[in-house]
$ cat data-v3.tsv   # TSV, C-alpha atoms and all ligand atoms
chain	number	residue	atom	x	y	z
A	279	MET	CA	0.00	0.00	0.00
A	280	ASP	CA	1.25	3.46	-0.80
A	281	SER	CA	1.74	5.36	2.36
A	282	MET	CA	1.61	9.05	3.05
A	283	THR	CA	4.73	10.55	4.40
A	284	HIS	CA	4.69	12.49	7.60
A	285	GLY	CA	7.36	14.61	9.13
A	286	ALA	CA	8.39	17.77	10.93
A	287	ASP	CA	5.60	19.89	9.41
A	288	ASP	CA	2.99	17.54	10.89
A	289	TYR	CA	4.50	17.78	14.37
A	290	ILE	CA	4.77	21.57	14.01
A	291	CYS	CA	1.05	21.56	13.24
A	292	SER	CA	0.23	19.42	16.31
A	293	ARG	CA	2.32	21.70	18.54
A	294	LYS	CA	0.60	24.77	17.13
A	295	GLU	CA	-2.78	23.26	18.01
A	296	PHE	CA	-1.47	22.48	21.47
A	297	SER	CA	-0.02	25.92	22.16
A	298	GLU	CA	-3.24	27.57	20.95
A	299	LYS	CA	-4.99	25.83	23.84
A	300	LEU	CA	-2.57	27.19	26.46
A	301	GLU	CA	-3.41	30.23	28.56
A	302	PRO	CA	-1.08	33.19	28.02
A	303	GLY	CA	1.62	33.10	30.69
A	304	THR	CA	1.94	29.28	30.65
A	305	LEU	CA	5.14	27.28	30.70
A	306	ALA	CA	4.33	23.68	29.71
A	307	VAL	CA	6.92	20.92	30.02
A	308	ILE	CA	6.46	17.35	28.78
A	309	SER	CA	9.08	14.68	29.39
A	310	SER	CA	9.77	11.68	27.17
A	311	GLY	CA	10.33	9.63	30.33
A	312	ARG	CA	13.22	7.46	31.40
A	313	PRO	CA	14.07	3.81	30.78
A	314	VAL	CA	13.17	1.56	33.71
A	315	GLN	CA	15.88	-0.86	34.80
A	316	CYS	CA	14.87	-4.52	34.79
A	317	SER	CA	18.16	-6.16	35.84
A	318	LEU	CA	21.76	-5.21	36.52
A	319	ASP	CA	22.69	-4.80	32.88
A	320	ALA	CA	19.39	-4.26	31.11
A	321	ASP	CA	16.42	-1.91	30.98
A	322	TYR	CA	12.86	-2.72	29.98
A	323	PRO	CA	12.26	-1.68	26.36
A	324	PHE	CA	11.87	2.09	26.31
A	325	TYR	CA	8.71	3.65	24.89
A	326	PRO	CA	8.53	7.43	24.92
A	327	ASP	CA	5.62	9.09	26.68
A	328	ASN	CA	2.89	9.25	24.06
A	329	ASN	CA	2.08	12.94	24.63
A	330	PHE	CA	5.76	13.76	24.11
A	331	TYR	CA	5.87	11.59	20.99
A	332	TYR	CA	2.64	13.14	19.67
A	333	LEU	CA	4.14	16.61	19.92
A	334	THR	CA	7.65	15.88	18.68
A	335	GLY	CA	7.79	12.57	16.77
A	336	LEU	CA	10.92	11.81	18.81
A	337	THR	CA	11.62	8.64	20.75
A	338	GLU	CA	14.73	9.68	22.73
A	339	PRO	CA	14.66	8.99	26.48
A	340	ASP	CA	15.14	11.68	29.12
A	341	THR	CA	14.32	14.47	26.70
A	342	LEU	CA	12.09	17.45	27.51
A	343	TYR	CA	9.79	19.48	25.31
A	344	ALA	CA	8.98	22.91	26.72
A	345	VAL	CA	6.79	25.66	25.35
A	346	PHE	CA	6.36	29.08	26.88
A	347	LYS	CA	3.44	31.29	25.89
A	348	ASN	CA	4.00	34.81	27.11
A	349	GLY	CA	1.38	37.29	28.26
A	350	ALA	CA	1.04	38.60	24.69
A	351	GLY	CA	0.29	35.07	23.43
A	352	GLU	CA	3.63	34.61	21.63
A	353	THR	CA	5.16	31.16	21.96
A	354	VAL	CA	8.71	29.95	22.03
A	355	GLU	CA	9.61	26.29	22.26
A	356	TYR	CA	12.64	24.28	23.31
A	357	LEU	CA	13.89	20.73	23.27
A	358	PHE	CA	16.29	19.66	26.01
A	359	LEU	CA	18.27	16.74	24.61
A	360	PRO	CA	20.78	14.64	26.62
A	361	GLU	CA	24.36	15.39	25.60
A	362	PRO	CA	26.26	12.60	23.83
A	363	GLU	CA	28.21	10.33	26.19
A	364	PRO	CA	30.89	8.69	24.01
A	365	GLU	CA	31.78	5.99	26.58
A	366	ARG	CA	28.18	4.96	27.03
A	367	GLU	CA	27.55	4.99	23.32
A	368	LYS	CA	30.10	2.19	22.95
A	369	TRP	CA	27.64	-0.01	24.91
A	370	THR	CA	24.19	1.12	23.96
A	371	GLY	CA	24.54	2.87	20.64
A	372	ILE	CA	24.64	6.34	19.20
A	373	ARG	CA	22.12	8.75	20.68
A	374	MET	CA	20.28	11.34	18.67
A	375	ARG	CA	22.19	14.54	17.93
A	376	ALA	CA	20.73	18.04	18.02
A	377	ASP	CA	20.64	18.55	14.24
A	378	GLU	CA	18.77	15.29	13.73
A	379	ALA	CA	16.28	16.11	16.50
A	380	ALA	CA	15.68	19.53	14.95
A	381	ALA	CA	15.13	18.04	11.48
A	382	LEU	CA	12.71	15.36	12.70
A	383	SER	CA	10.66	17.52	15.05
A	384	GLY	CA	10.95	20.97	13.51
A	385	ILE	CA	11.96	22.40	16.90
A	386	GLU	CA	14.67	24.99	16.36
A	387	ASN	CA	15.91	25.62	19.88
A	388	ILE	CA	17.73	22.47	20.97
A	389	LEU	CA	19.52	22.83	24.31
A	390	PRO	CA	21.49	20.45	26.51
A	391	ARG	CA	19.34	18.45	28.94
A	392	SER	CA	21.77	19.15	31.80
A	393	GLY	CA	20.91	22.86	31.68
A	394	ALA	CA	17.13	22.36	31.62
A	395	ALA	CA	16.35	23.00	35.30
A	396	ASP	CA	18.17	26.36	35.41
A	397	PHE	CA	16.85	27.48	32.03
A	398	LEU	CA	13.27	26.55	32.86
A	399	ALA	CA	13.53	28.12	36.33
A	400	ASP	CA	14.20	31.46	34.61
A	401	LEU	CA	11.21	30.93	32.32
A	402	ALA	CA	9.01	29.88	35.25
A	403	ASP	CA	9.92	33.20	36.87
A	404	GLU	CA	8.12	34.91	34.00
A	405	ALA	CA	5.21	32.46	33.87
A	406	LYS	CA	1.92	32.60	35.74
A	407	ILE	CA	1.10	28.95	35.13
A	408	TYR	CA	3.37	25.90	35.14
A	409	ALA	CA	1.78	22.99	33.29
A	410	GLY	CA	2.84	19.36	33.27
A	411	ASP	CA	1.19	16.07	32.40
A	412	ALA	CA	-0.36	14.67	35.56
A	413	GLY	CA	-1.28	11.45	33.75
A	414	GLN	CA	2.39	10.53	33.41
A	415	ALA	CA	3.83	8.33	36.16
A	416	VAL	CA	5.48	10.52	38.79
A	417	HIS	CA	8.90	8.93	38.33
A	418	GLN	CA	8.73	9.69	34.58
A	419	ARG	CA	7.79	13.35	34.88
A	420	PHE	CA	10.26	16.21	34.76
A	421	ALA	CA	11.40	16.75	38.33
A	422	PRO	CA	12.87	20.27	38.38
A	423	GLY	CA	14.98	19.64	41.47
A	424	SER	CA	16.74	22.96	41.92
A	425	ALA	CA	15.87	25.34	44.75
A	426	ASP	CA	15.47	28.17	42.24
A	427	PHE	CA	12.91	26.17	40.38
A	428	SER	CA	10.91	25.36	43.52
A	429	GLU	CA	10.86	29.06	44.33
A	430	ALA	CA	9.71	29.98	40.82
A	431	LEU	CA	7.04	27.27	40.93
A	432	SER	CA	5.72	28.49	44.27
A	433	ARG	CA	4.69	31.68	42.44
A	434	CYS	CA	2.97	29.77	39.62
A	435	GLN	CA	-0.43	28.25	39.46
A	436	LEU	CA	-0.02	24.55	38.55
A	437	ALA	CA	-1.98	23.06	35.67
A	438	ASP	CA	-2.39	19.69	33.95
A	439	VAL	CA	-2.16	19.64	30.16
A	440	GLY	CA	-3.01	15.91	30.00
A	441	PRO	CA	-6.70	16.50	29.19
A	442	VAL	CA	-5.82	19.07	26.47
A	443	LEU	CA	-3.53	16.57	24.77
A	444	ALA	CA	-5.98	13.70	25.22
A	445	ARG	CA	-8.62	15.78	23.45
A	446	LEU	CA	-6.28	16.70	20.56
A	447	ARG	CA	-5.23	13.08	20.18
A	448	LEU	CA	-8.85	11.92	19.85
A	449	ILE	CA	-9.19	13.58	16.45
A	450	LYS	CA	-6.89	11.86	14.00
A	451	LYS	CA	-5.11	13.62	11.18
A	452	PRO	CA	-4.96	11.93	7.75
A	453	TRP	CA	-1.37	10.82	8.24
A	454	GLU	CA	-2.25	9.31	11.64
A	455	ILE	CA	-5.12	7.38	10.04
A	456	ASP	CA	-2.70	6.18	7.39
A	457	LEU	CA	-0.33	4.83	10.07
A	458	MET	CA	-3.27	3.13	11.78
A	459	LYS	CA	-4.19	1.49	8.47
A	460	GLN	CA	-0.64	0.18	8.22
A	461	ALA	CA	-0.89	-1.19	11.78
A	462	VAL	CA	-4.14	-2.89	10.72
A	463	ASN	CA	-2.50	-4.39	7.60
A	464	ILE	CA	0.26	-5.93	9.69
A	465	THR	CA	-2.28	-7.22	12.19
A	466	ALA	CA	-4.27	-8.76	9.33
A	467	ARG	CA	-1.18	-10.53	8.02
A	468	GLY	CA	-0.35	-11.90	11.48
A	469	LEU	CA	-3.89	-13.16	12.08
A	470	ASN	CA	-3.94	-14.76	8.66
A	471	ASP	CA	-0.72	-16.66	9.44
A	472	LEU	CA	-2.17	-17.66	12.79
A	473	LEU	CA	-5.38	-18.95	11.26
A	474	GLY	CA	-3.33	-21.14	8.89
A	475	GLU	CA	-1.43	-22.76	11.75
A	476	LEU	CA	-4.02	-23.12	14.50
A	477	HIS	CA	-4.62	-26.75	15.53
A	478	PRO	CA	-5.60	-28.82	18.56
A	479	GLY	CA	-2.64	-29.52	20.87
A	480	MET	CA	-0.93	-26.23	20.10
A	481	ARG	CA	-0.15	-24.06	23.14
A	482	GLU	CA	-1.73	-20.63	23.37
A	483	TYR	CA	1.77	-19.09	23.39
A	484	GLU	CA	2.67	-20.89	20.15
A	485	ALA	CA	-0.32	-19.32	18.44
A	486	ALA	CA	0.58	-15.93	19.91
A	487	ALA	CA	4.14	-16.40	18.62
A	488	VAL	CA	2.94	-17.00	15.06
A	489	PHE	CA	1.14	-13.64	15.18
A	490	GLU	CA	4.01	-11.86	16.88
A	491	TYR	CA	6.57	-13.16	14.37
A	492	ALA	CA	4.62	-11.52	11.54
A	493	VAL	CA	4.44	-8.29	13.51
A	494	ARG	CA	8.13	-8.16	14.35
A	495	ARG	CA	9.14	-9.06	10.81
A	496	ALA	CA	7.18	-6.07	9.58
A	497	GLY	CA	9.25	-3.79	11.83
A	498	ALA	CA	6.28	-3.19	14.12
A	499	GLU	CA	5.68	-3.65	17.85
A	500	LEU	CA	2.78	-5.13	19.75
A	501	SER	CA	-0.01	-2.77	20.77
A	502	PHE	CA	-0.30	-4.73	24.05
A	503	PRO	CA	0.56	-8.24	25.27
A	504	THR	CA	-1.23	-10.71	23.00
A	505	ILE	CA	-4.28	-12.37	24.54
A	506	ALA	CA	-4.69	-15.98	23.38
A	507	ALA	CA	-7.48	-17.31	25.59
A	508	SER	CA	-8.75	-20.80	24.85
A	509	GLY	CA	-11.49	-22.82	26.52
A	510	LYS	CA	-11.96	-21.88	30.17
A	511	ASN	CA	-9.68	-18.83	29.72
A	512	GLY	CA	-12.03	-17.28	27.16
A	513	PRO	CA	-14.09	-15.40	29.77
A	514	ILE	CA	-10.93	-13.79	31.26
A	515	LEU	CA	-11.00	-10.44	29.48
A	516	HIS	CA	-7.29	-9.63	29.62
A	517	TYR	CA	-5.94	-13.18	30.05
A	518	GLU	CA	-2.16	-12.97	30.22
A	519	THR	CA	-0.49	-16.32	30.77
A	520	ASN	CA	-1.13	-17.94	27.35
A	521	ARG	CA	0.23	-21.33	28.53
A	522	ASN	CA	-2.74	-23.65	28.03
A	523	LYS	CA	-2.80	-26.41	25.47
A	524	MET	CA	-5.68	-25.72	23.08
A	525	LYS	CA	-8.17	-28.59	22.90
A	526	ARG	CA	-10.38	-29.85	20.11
A	527	GLY	CA	-13.87	-28.53	20.74
A	528	ASP	CA	-12.65	-25.36	22.47
A	529	LEU	CA	-12.93	-21.85	21.18
A	530	VAL	CA	-9.90	-19.59	21.30
A	531	MET	CA	-10.28	-15.84	21.59
A	532	PHE	CA	-7.41	-13.72	20.29
A	533	ASP	CA	-7.24	-10.06	21.24
A	534	LEU	CA	-4.13	-8.54	19.72
A	535	GLY	CA	-2.67	-5.84	17.54
A	536	ALA	CA	0.38	-4.44	15.81
A	537	ARG	CA	1.66	-0.97	16.68
A	538	TYR	CA	3.24	0.80	13.73
A	539	CYS	CA	5.21	4.06	14.14
A	540	GLY	CA	3.50	4.31	17.52
A	541	TYR	CA	-0.07	3.81	16.27
A	542	ALA	CA	-2.00	0.79	17.52
A	543	ALA	CA	-4.45	-1.65	16.02
A	544	ASP	CA	-6.69	-3.55	18.45
A	545	VAL	CA	-8.56	-6.55	17.07
A	546	SER	CA	-10.34	-9.56	18.59
A	547	ARG	CA	-11.33	-12.70	16.73
A	548	THR	CA	-12.68	-15.96	18.12
A	549	TYR	CA	-11.83	-19.20	16.29
A	550	PRO	CA	-12.72	-22.88	16.78
A	551	VAL	CA	-9.53	-24.76	17.72
A	552	SER	CA	-10.62	-27.80	15.65
A	553	GLY	CA	-11.52	-25.71	12.63
A	554	THR	CA	-15.30	-26.12	13.06
A	555	TYR	CA	-17.65	-24.38	15.50
A	556	SER	CA	-20.03	-26.68	17.38
A	557	THR	CA	-23.72	-25.97	16.75
A	558	ARG	CA	-24.08	-24.14	20.07
A	559	GLN	CA	-20.81	-22.19	19.64
A	560	ARG	CA	-21.93	-21.17	16.18
A	561	LYS	CA	-25.30	-19.97	17.47
A	562	LEU	CA	-23.65	-17.85	20.13
A	563	TYR	CA	-21.03	-16.60	17.65
A	564	ASP	CA	-23.78	-15.55	15.26
A	565	VAL	CA	-25.51	-13.57	18.02
A	566	VAL	CA	-22.29	-11.71	18.92
A	567	LEU	CA	-21.47	-11.09	15.26
A	568	GLY	CA	-24.98	-9.85	14.49
A	569	VAL	CA	-24.89	-7.48	17.47
A	570	GLN	CA	-21.42	-6.26	16.50
A	571	LYS	CA	-22.44	-5.54	12.90
A	572	ASP	CA	-25.52	-3.61	14.02
A	573	LEU	CA	-23.46	-1.66	16.52
A	574	ILE	CA	-20.90	-0.69	13.89
A	575	SER	CA	-23.63	0.90	11.79
A	576	ALA	CA	-24.57	2.96	14.87
A	577	TYR	CA	-21.03	4.40	15.20
A	578	ARG	CA	-22.01	7.87	14.01
A	579	THR	CA	-21.29	11.46	14.87
A	580	GLY	CA	-23.20	12.60	17.94
A	581	VAL	CA	-23.69	9.14	19.45
A	582	SER	CA	-22.08	8.63	22.87
A	583	LEU	CA	-20.21	5.60	24.16
A	584	VAL	CA	-22.79	5.45	26.95
A	585	GLN	CA	-25.60	5.13	24.39
A	586	LEU	CA	-23.66	2.49	22.46
A	587	GLN	CA	-23.13	0.52	25.67
A	588	GLU	CA	-26.85	0.68	26.44
A	589	THR	CA	-27.65	-0.43	22.90
A	590	THR	CA	-25.26	-3.38	23.24
A	591	VAL	CA	-26.96	-4.54	26.42
A	592	GLU	CA	-30.42	-4.17	24.87
A	593	LEU	CA	-29.39	-6.04	21.72
A	594	PHE	CA	-27.96	-8.95	23.73
A	595	LYS	CA	-31.03	-9.08	25.98
A	596	CYS	CA	-33.26	-9.33	22.92
A	597	ARG	CA	-31.21	-11.56	20.60
A	598	LEU	CA	-29.84	-14.18	23.01
A	599	PRO	CA	-33.32	-15.53	23.94
A	600	LEU	CA	-34.34	-15.41	20.27
A	601	ALA	CA	-31.39	-17.70	19.53
A	602	GLY	CA	-32.43	-20.07	22.31
A	603	PHE	CA	-30.16	-18.89	25.14
A	604	LYS	CA	-31.85	-18.44	28.53
A	605	LEU	CA	-30.48	-15.24	30.02
A	606	PRO	CA	-28.56	-15.65	33.30
A	607	GLU	CA	-30.62	-15.05	36.44
A	608	ALA	CA	-28.09	-12.49	37.68
A	609	GLY	CA	-28.74	-10.43	34.55
A	610	ILE	CA	-26.90	-9.95	31.27
A	611	GLY	CA	-24.00	-8.41	33.21
A	612	ALA	CA	-22.98	-11.95	34.17
A	613	TRP	CA	-22.21	-12.64	30.49
A	614	TYR	CA	-21.17	-9.20	29.24
A	615	TYR	CA	-18.99	-7.24	31.62
A	616	HIS	CA	-16.91	-4.64	29.80
A	617	SER	CA	-17.36	-1.53	27.68
A	618	VAL	CA	-18.29	-1.78	24.04
A	619	GLY	CA	-15.44	0.41	22.86
A	620	HIS	CA	-12.76	2.99	23.43
A	621	SER	CA	-10.74	5.46	21.43
A	622	LEU	CA	-7.67	4.00	19.76
A	623	GLY	CA	-4.47	5.75	18.67
A	624	LEU	CA	-0.99	6.00	20.11
A	625	ASP	CA	-2.39	4.30	23.20
A	626	THR	CA	-4.64	1.29	22.84
A	627	HIS	CA	-7.00	3.11	25.18
A	628	ASP	CA	-6.34	6.58	23.82
A	629	GLY	CA	-7.74	9.52	25.72
A	630	THR	CA	-10.99	7.69	26.33
A	631	SER	CA	-13.57	8.93	28.73
A	632	ARG	CA	-16.73	6.89	29.23
A	633	ASP	CA	-18.97	9.83	28.28
A	634	LEU	CA	-17.21	10.37	24.94
A	635	VAL	CA	-19.43	11.57	22.09
A	636	LEU	CA	-18.32	10.41	18.65
A	637	GLU	CA	-16.98	12.94	16.15
A	638	PRO	CA	-15.52	12.67	12.66
A	639	ARG	CA	-11.90	11.43	12.58
A	640	MET	CA	-12.10	9.56	15.87
A	641	VAL	CA	-11.12	5.89	15.76
A	642	ILE	CA	-13.20	3.85	18.20
A	643	THR	CA	-13.19	0.10	18.76
A	644	CYS	CA	-16.40	-1.93	18.57
A	645	GLU	CA	-15.95	-5.02	20.73
A	646	PRO	CA	-19.04	-6.67	22.16
A	647	GLY	CA	-18.51	-10.08	23.75
A	648	ILE	CA	-20.35	-12.85	25.55
A	649	TYR	CA	-18.57	-14.89	28.21
A	650	ILE	CA	-20.18	-17.98	29.75
A	651	ALA	CA	-17.74	-19.37	32.31
A	652	GLU	CA	-19.83	-22.52	33.02
A	653	GLU	CA	-19.51	-23.45	29.33
A	654	ASN	CA	-15.82	-22.47	28.96
A	655	VAL	CA	-16.82	-20.02	26.27
A	656	GLY	CA	-15.67	-16.47	25.58
A	657	ILE	CA	-16.54	-14.82	22.27
A	658	ARG	CA	-15.38	-11.30	21.52
A	659	ILE	CA	-15.30	-9.73	18.07
A	660	GLU	CA	-13.48	-6.40	17.87
A	661	ASP	CA	-13.01	-4.02	14.96
A	662	ASP	CA	-11.50	-0.52	14.71
A	663	ILE	CA	-13.98	2.02	13.38
A	664	LEU	CA	-13.13	5.38	11.83
A	665	ILE	CA	-15.94	7.88	12.33
A	666	THR	CA	-16.56	10.06	9.27
A	667	GLU	CA	-19.17	12.60	8.18
A	668	LYS	CA	-20.52	9.94	5.85
A	669	GLY	CA	-20.75	7.25	8.51
A	670	PRO	CA	-18.56	4.52	10.01
A	671	VAL	CA	-15.58	3.10	8.13
A	672	ASN	CA	-14.40	-0.25	9.45
A	673	LEU	CA	-10.59	-0.12	9.22
A	674	THR	CA	-10.37	-3.82	10.09
A	675	GLU	CA	-13.08	-4.90	7.65
A	676	LYS	CA	-10.83	-7.28	5.75
A	677	ILE	CA	-9.87	-9.30	8.83
A	678	VAL	CA	-12.16	-12.29	8.43
A	679	LYS	CA	-14.94	-12.68	11.01
A	680	ASP	CA	-17.59	-14.50	8.99
A	681	PRO	CA	-17.72	-17.96	10.66
A	682	ALA	CA	-18.12	-19.94	7.43
A	683	ARG	CA	-15.09	-18.19	5.94
A	684	ILE	CA	-13.09	-18.78	9.11
A	685	GLU	CA	-13.87	-22.50	8.87
A	686	LEU	CA	-12.90	-22.50	5.20
A	687	LEU	CA	-9.58	-20.77	5.90
A	688	MET	CA	-8.82	-23.33	8.65
A	689	LYS	CA	-9.26	-26.33	6.33
A	701	LIG	N1	-7.11	-5.34	24.07
A	701	LIG	C1	-7.71	-4.49	25.00
A	701	LIG	C2	-8.99	-4.01	24.52
A	701	LIG	O1	-9.55	-4.56	23.61
A	701	LIG	O2	-9.49	-3.05	24.99
A	702	MN	MN	-8.67	-5.62	22.13
A	703	MN	MN	-10.16	-2.77	22.58
$ encode --input "data-v3.tsv" --output "structure tokens" --more "lines below"
Ligand code: GLY
Ligand code: MN
Ligand code: MN
Amino acid sequence: MDSMTHGADDYICSRKEFSEKLEPGTLAVISSGRPVQCSLDADYPFYPDNNFYYLTGLTEPDTLYAVFKNGAGETVEYLFLPEPEPEREKWTGIRMRADEAAALSGIENILPRSGAADFLADLADEAKIYAGDAGQAVHQRFAPGSADFSEALSRCQLADVGPVLARLRLIKKPWEIDLMKQAVNITARGLNDLLGELHPGMREYEAAAVFEYAVRRAGAELSFPTIAASGKNGPILHYETNRNKMKRGDLVMFDLGARYCGYAADVSRTYPVSGTYSTRQRKLYDVVLGVQKDLISAYRTGVSLVQLQETTVELFKCRLPLAGFKLPEAGIGAWYYHSVGHSLGLDTHDGTSRDLVLEPRMVITCEPGIYIAEENVGIRIEDDILITEKGPVNLTEKIVKDPARIELLMK
């Protein structure tokens, strides 16, 4: 697929939108975060803070983006980049240099990270408001440290720019949608490979590995740890262990996704381990699929996630008995116990609030499911839906969910 290019101009545009939302007199500082050590000689893989990445396109650790909007509404921005450490680079590789960071992000003022606290203390002296990202883990935030800075901050009102950035990130730009489509394509390839290899006796982790191999070969990451939940694990929404041997007659629910250039896909499909759904599994699958398809057509501008959740519950309450399933005495909540969807983007759950109202250019998952623990059954079908003026566009449309086609592909 031809892909759009994106670059510094796009990040300049995102930062302009961000700074327009700041009050005059605000100094905002967003940190990329720091690697977390996992053993004496190794760190956990480093992922930059997604708000930092959204604004800069950079993935360097321990780097700060700062923007100051003065009382007249003029903005000036800075990037504080760690200085090269030649000895360390012999072990862990060459770090980004200032000219490269400037070219990729479009930020002109690149300063050494070691001078950030003093420099920002002077700016904070001029500011009325100091804004950080309260959603970021405390140990990953910029900790000013110096006495001067504490003094300057004591004169500032403190603000959280997390909600401003969450709101901006909800509305996807064309190049972001393009990256999400690429994440979907990789996810589709991985699921296709998986479908071709699935068989009774295989371990859940083997199936997950087939998918993950395709993702890693494509130069992508995982959106989140792959969920491969067979049989009695199906009703565990975010099942993690993936160690069970998959048995003939069981269903297996995969909830997985590739993350490409930071942007996530999030897809669930439920397959019969043997290659054929039992009559009862098929009936239940058809109910979930029918509900999911009807819900997708309701993913329109002006509809709220709360309304969609209510519709899901109503649809299940009506269709399950029609298909011959006696509803649980405790209520439908015993079989359906999660939200129908969430915003998707750089984070798998991207700036979602439960009272979100859909708008064009949002990408929202549609993922109804039915989980009957007594029957060792969990069926979830999840697609990623782009909201447009003309109606919903299913980005994951081509990932097979029709049960007859699934059975055919497993032959
Ligand atoms: N994979 C997590 C979710 O579907 O929300
Ligand atoms: Mn999912
Ligand atoms: Mn999801």
$ closest_atom_pairs --input "data-v3.tsv" --of "chain A" --to "ligand MN 702 (chain A)" --cutoff "10 Å" --atoms "all atoms listed in the file" --output "tab-separated table"
residue	atom	partner	partner_atom	distance
A:Ser501	CA	A:MN702	MN	9.2
A:Phe502	CA	A:MN702	MN	8.6
A:Thr504	CA	A:MN702	MN	9.1
A:Ile505	CA	A:MN702	MN	8.4
A:Leu515	CA	A:MN702	MN	9.1
A:His516	CA	A:MN702	MN	8.6
A:Phe532	CA	A:MN702	MN	8.4
A:Asp533	CA	A:MN702	MN	4.7
A:Leu534	CA	A:MN702	MN	5.9
A:Gly535	CA	A:MN702	MN	7.6
A:Ala543	CA	A:MN702	MN	8.4
A:Asp544	CA	A:MN702	MN	4.7
A:Val545	CA	A:MN702	MN	5.1
A:Ser546	CA	A:MN702	MN	5.6
A:Arg547	CA	A:MN702	MN	9.3
A:Gly619	CA	A:MN702	MN	9.1
A:His620	CA	A:MN702	MN	9.6
A:Leu622	CA	A:MN702	MN	10.0
A:Thr626	CA	A:MN702	MN	8.0
A:His627	CA	A:MN702	MN	9.4
A:Thr643	CA	A:MN702	MN	8.0
A:Cys644	CA	A:MN702	MN	9.3
A:Glu645	CA	A:MN702	MN	7.4
A:Arg658	CA	A:MN702	MN	8.8
A:Ile659	CA	A:MN702	MN	8.8
A:Glu660	CA	A:MN702	MN	6.5
A:Asp661	CA	A:MN702	MN	8.5
A:Asp662	CA	A:MN702	MN	9.4
$ residues_around --input "data-v3.tsv" --residues "segment 460-474 of chain A" --least-positions-apart "4" --cutoff "7 Å" --atoms "all atoms listed in the file" --output "PDB file with C-alpha atoms, in the coordinates of the input"
ATOM      1  CA  ASP A 456      -2.700   6.180   7.390  1.00  0.00           C
ATOM      2  CA  ALA A 485      -0.320 -19.320  18.440  1.00  0.00           C
ATOM      3  CA  VAL A 488       2.940 -17.000  15.060  1.00  0.00           C
ATOM      4  CA  PHE A 489       1.140 -13.640  15.180  1.00  0.00           C
ATOM      5  CA  GLU A 490       4.010 -11.860  16.880  1.00  0.00           C
ATOM      6  CA  ALA A 492       4.620 -11.520  11.540  1.00  0.00           C
ATOM      7  CA  VAL A 493       4.440  -8.290  13.510  1.00  0.00           C
ATOM      8  CA  ALA A 496       7.180  -6.070   9.580  1.00  0.00           C
ATOM      9  CA  GLY A 535      -2.670  -5.840  17.540  1.00  0.00           C
ATOM     10  CA  ALA A 536       0.380  -4.440  15.810  1.00  0.00           C
ATOM     11  CA  ARG A 537       1.660  -0.970  16.680  1.00  0.00           C
ATOM     12  CA  TYR A 538       3.240   0.800  13.730  1.00  0.00           C
ATOM     13  CA  TYR A 541      -0.070   3.810  16.270  1.00  0.00           C
ATOM     14  CA  ALA A 542      -2.000   0.790  17.520  1.00  0.00           C
ATOM     15  CA  ALA A 543      -4.450  -1.650  16.020  1.00  0.00           C
ATOM     16  CA  THR A 674     -10.370  -3.820  10.090  1.00  0.00           C
ATOM     17  CA  ILE A 677      -9.870  -9.300   8.830  1.00  0.00           C
ATOM     18  CA  LEU A 687      -9.580 -20.770   5.900  1.00  0.00           C
ATOM     19  CA  MET A 688      -8.820 -23.330   8.650  1.00  0.00           C
TER      20      MET A 688
END
$ closest_residue --input "data-v3.tsv" --among "A:Asn511, A:Thr353, A:Ser617, A:Thr337" --to "ligand MN 703 (chain A)" --atoms "all atoms listed in the file"
A:Ser617
$ closest_residue --input "data-v3.tsv" --among "A:Tyr517, A:Tyr408, A:Phe420, A:Phe296" --to "ligand LIG 701 (chain A)" --atoms "all atoms listed in the file"
A:Tyr517
$ closest_residue --input "data-v3.tsv" --among "A:Gln559, A:Thr370, A:Gln585, A:Ser631" --to "Asn654 of chain A" --atoms "all atoms listed in the file"
A:Gln559
$ residues_near_point --input "data-v3.tsv" --point "(-8.3, 10.4, 23.9)" --cutoff "12 Å" --atoms "all atoms listed in the file" --output "ChimeraX atom specification"
/A:328-329,440-450,620-637,639-642
$ closest_residue --input "data-v3.tsv" --among "A:Tyr491, A:Asp327, A:Gly609, A:Pro646" --to "ligand MN 703 (chain A)" --atoms "only C-alpha atoms and all ligand atoms"
A:Pro646
